file upload_38.pdb (PDB, C-alpha atoms)
ATOM      1  CA  MET A   1      87.445 172.102 129.442  1.00  0.00           C
ATOM      2  CA  GLN A   2      84.932 173.727 127.122  1.00  0.00           C
ATOM      3  CA  ASP A   3      83.917 176.210 129.828  1.00  0.00           C
ATOM      4  CA  LEU A   4      87.554 176.990 130.596  1.00  0.00           C
ATOM      5  CA  LEU A   5      88.316 177.773 126.952  1.00  0.00           C
ATOM      6  CA  ALA A   6      85.233 179.959 126.680  1.00  0.00           C
ATOM      7  CA  GLN A   7      86.243 181.804 129.839  1.00  0.00           C
ATOM      8  CA  LEU A   8      89.776 182.346 128.577  1.00  0.00           C
ATOM      9  CA  LEU A   9      88.804 183.402 125.081  1.00  0.00           C
ATOM     10  CA  TRP A  10      85.556 185.337 125.338  1.00  0.00           C
ATOM     11  CA  HIS A  11      84.599 186.022 128.936  1.00  0.00           C
ATOM     12  CA  ASN A  12      87.863 187.630 129.934  1.00  0.00           C
ATOM     13  CA  VAL A  13      87.667 190.938 131.817  1.00  0.00           C
ATOM     14  CA  GLU A  14      91.326 191.697 131.091  1.00  0.00           C
ATOM     15  CA  ILE A  15      90.702 191.482 127.344  1.00  0.00           C
ATOM     16  CA  ASP A  16      87.605 193.681 127.671  1.00  0.00           C
ATOM     17  CA  GLU A  17      89.584 196.273 129.614  1.00  0.00           C
ATOM     18  CA  ALA A  18      92.472 196.176 127.134  1.00  0.00           C
ATOM     19  CA  ALA A  19      90.042 196.640 124.236  1.00  0.00           C
ATOM     20  CA  GLY A  20      88.508 199.603 126.060  1.00  0.00           C
ATOM     21  CA  ARG A  21      91.934 201.183 126.484  1.00  0.00           C
ATOM     22  CA  ILE A  22      92.671 200.690 122.789  1.00  0.00           C
ATOM     23  CA  CYS A  23      89.357 202.310 121.847  1.00  0.00           C
ATOM     24  CA  GLN A  24      90.300 205.370 123.891  1.00  0.00           C
ATOM     25  CA  THR A  25      93.389 205.845 121.705  1.00  0.00           C
ATOM     26  CA  LEU A  26      91.719 205.400 118.315  1.00  0.00           C
ATOM     27  CA  PRO A  27      91.215 208.568 116.277  1.00  0.00           C
ATOM     28  CA  GLY A  28      87.535 209.410 116.025  1.00  0.00           C
ATOM     29  CA  PHE A  29      86.430 207.103 118.836  1.00  0.00           C
ATOM     30  CA  HIS A  30      85.284 209.859 121.203  1.00  0.00           C
ATOM     31  CA  GLU A  31      83.314 211.604 118.465  1.00  0.00           C
ATOM     32  CA  ALA A  32      81.657 208.319 117.481  1.00  0.00           C
ATOM     33  CA  GLU A  33      80.836 207.650 121.123  1.00  0.00           C
ATOM     34  CA  GLN A  34      79.291 211.109 121.552  1.00  0.00           C
ATOM     35  CA  ASP A  35      77.296 210.766 118.313  1.00  0.00           C
ATOM     36  CA  TYR A  36      76.017 207.365 119.445  1.00  0.00           C
ATOM     37  CA  ASP A  37      75.022 208.667 122.885  1.00  0.00           C
ATOM     38  CA  HIS A  38      73.184 211.607 121.338  1.00  0.00           C
ATOM     39  CA  LEU A  39      71.271 209.392 118.900  1.00  0.00           C
ATOM     40  CA  ALA A  40      70.487 206.807 121.598  1.00  0.00           C
ATOM     41  CA  LYS A  41      68.880 209.536 123.725  1.00  0.00           C
ATOM     42  CA  GLN A  42      66.737 210.621 120.773  1.00  0.00           C
ATOM     43  CA  ILE A  43      65.601 207.066 120.053  1.00  0.00           C
ATOM     44  CA  ARG A  44      64.853 206.373 123.736  1.00  0.00           C
ATOM     45  CA  ALA A  45      62.732 209.520 123.853  1.00  0.00           C
ATOM     46  CA  ALA A  46      60.834 208.476 120.718  1.00  0.00           C
ATOM     47  CA  VAL A  47      60.171 204.793 121.506  1.00  0.00           C
ATOM     48  CA  GLY A  48      60.456 204.648 125.282  1.00  0.00           C
ATOM     49  CA  CYS A  49      63.043 203.132 127.571  1.00  0.00           C
ATOM     50  CA  ASP A  50      61.612 199.599 127.646  1.00  0.00           C
ATOM     51  CA  LEU A  51      61.549 199.112 123.868  1.00  0.00           C
ATOM     52  CA  TYR A  52      64.937 200.770 123.465  1.00  0.00           C
ATOM     53  CA  ASP A  53      66.485 198.573 126.164  1.00  0.00           C
ATOM     54  CA  HIS A  54      65.004 195.446 124.559  1.00  0.00           C
ATOM     55  CA  TYR A  55      66.312 196.480 121.123  1.00  0.00           C
ATOM     56  CA  PHE A  56      69.758 197.273 122.498  1.00  0.00           C
ATOM     57  CA  ALA A  57      70.004 193.949 124.359  1.00  0.00           C
ATOM     58  CA  GLN A  58      69.079 192.050 121.182  1.00  0.00           C
ATOM     59  CA  LEU A  59      71.561 194.074 119.120  1.00  0.00           C
ATOM     60  CA  ILE A  60      74.368 193.245 121.536  1.00  0.00           C
ATOM     61  CA  ARG A  61      73.380 189.570 121.595  1.00  0.00           C
ATOM     62  CA  TYR A  62      73.365 189.481 117.796  1.00  0.00           C
ATOM     63  CA  THR A  63      76.670 191.317 117.302  1.00  0.00           C
ATOM     64  CA  ASN A  64      78.399 189.176 119.933  1.00  0.00           C
ATOM     65  CA  TYR A  65      78.256 186.270 117.481  1.00  0.00           C
ATOM     66  CA  GLU A  66      80.048 188.301 114.833  1.00  0.00           C
ATOM     67  CA  MET A  67      82.626 189.533 117.340  1.00  0.00           C
ATOM     68  CA  GLN A  68      83.287 185.949 118.457  1.00  0.00           C
ATOM     69  CA  ALA A  69      83.862 184.914 114.854  1.00  0.00           C
ATOM     70  CA  TYR A  70      86.311 187.749 114.192  1.00  0.00           C
ATOM     71  CA  TYR A  71      88.015 187.220 117.529  1.00  0.00           C
ATOM     72  CA  SER A  72      88.501 183.530 116.875  1.00  0.00           C
ATOM     73  CA  LEU A  73      89.988 184.270 113.473  1.00  0.00           C
ATOM     74  CA  GLY A  74      92.350 186.746 115.091  1.00  0.00           C
ATOM     75  CA  LEU A  75      93.516 184.025 117.436  1.00  0.00           C
ATOM     76  CA  GLY A  76      94.085 181.694 114.503  1.00  0.00           C
ATOM     77  CA  LEU A  77      91.608 179.118 115.770  1.00  0.00           C
ATOM     78  CA  ARG A  78      90.037 176.736 113.341  1.00  0.00           C
ATOM     79  CA  GLU A  79      86.334 177.112 112.662  1.00  0.00           C
ATOM     80  CA  ASP A  80      85.591 173.568 113.848  1.00  0.00           C
ATOM     81  CA  MET A  81      87.186 174.305 117.213  1.00  0.00           C
ATOM     82  CA  VAL A  82      85.094 177.436 117.640  1.00  0.00           C
ATOM     83  CA  ARG A  83      81.927 175.529 116.768  1.00  0.00           C
ATOM     84  CA  SER A  84      82.815 172.783 119.219  1.00  0.00           C
ATOM     85  CA  LEU A  85      82.845 175.332 122.031  1.00  0.00           C
ATOM     86  CA  GLU A  86      79.085 175.817 121.491  1.00  0.00           C
ATOM     87  CA  ILE A  87      79.126 179.381 122.714  1.00  0.00           C
TER
END
call {"tool": "encode", "arguments": {"input": "upload_38.pdb", "output": "structure tokens"}}
result
Amino acid sequence: MQDLLAQLLWHNVEIDEAAGRICQTLPGFHEAEQDYDHLAKQIRAAVGCDLYDHYFAQLIRYTNYEMQAYYSLGLGLREDMVRSLEI
């Protein structure tokens, strides 16, 4: 049951795709995306691909926790239920 809830709430391709479509419509998104891509190229050139990839993977891992917390609040779930999922 725990795995099913996690799949439905956080590992849902349809939600990811819907969020991507929403991003495409937000004012300033494309400029932010271009600015990020430009800066990422500069950082990769300065520190190398391996270190950059490691940093980026850790950043995503770290921010996923925050996104899960905000997402669960948006769904109106109680904090104890989210913690019980052990994601």
call {"tool": "atom_distance", "arguments": {"input": "upload_38.pdb", "atom1": "atom CA of Lys41 of chain A", "atom2": "atom CA of Asp53 of chain A"}}
result
11.5 Å
call {"tool": "atom_distance", "arguments": {"input": "upload_38.pdb", "atom1": "atom CA of Asp50 of chain A", "atom2": "atom CA of Asp37 of chain A"}}
result
16.9 Å
call {"tool": "axis_aligned_box", "arguments": {"input": "upload_38.pdb", "around": "segment 52-63 of chain A", "padding_each_side": "5 Å", "output": "JSON"}}
result
{"center_x": 70.8, "center_y": 195.1, "center_z": 121.7, "size_x": 21.7, "size_y": 21.3, "size_z": 18.9}
call {"tool": "atom_distance", "arguments": {"input": "upload_38.pdb", "atom1": "atom CA of Ile15 of chain A", "atom2": "atom CA of Asp35 of chain A"}}
result
25.2 Å
call {"tool": "closest_residue", "arguments": {"input": "upload_38.pdb", "among": "A:Glu31, A:Arg44, A:Gln24, A:Glu14", "to": "Phe56 of chain A", "atoms": "only C-alpha atoms"}}
result
A:Arg44
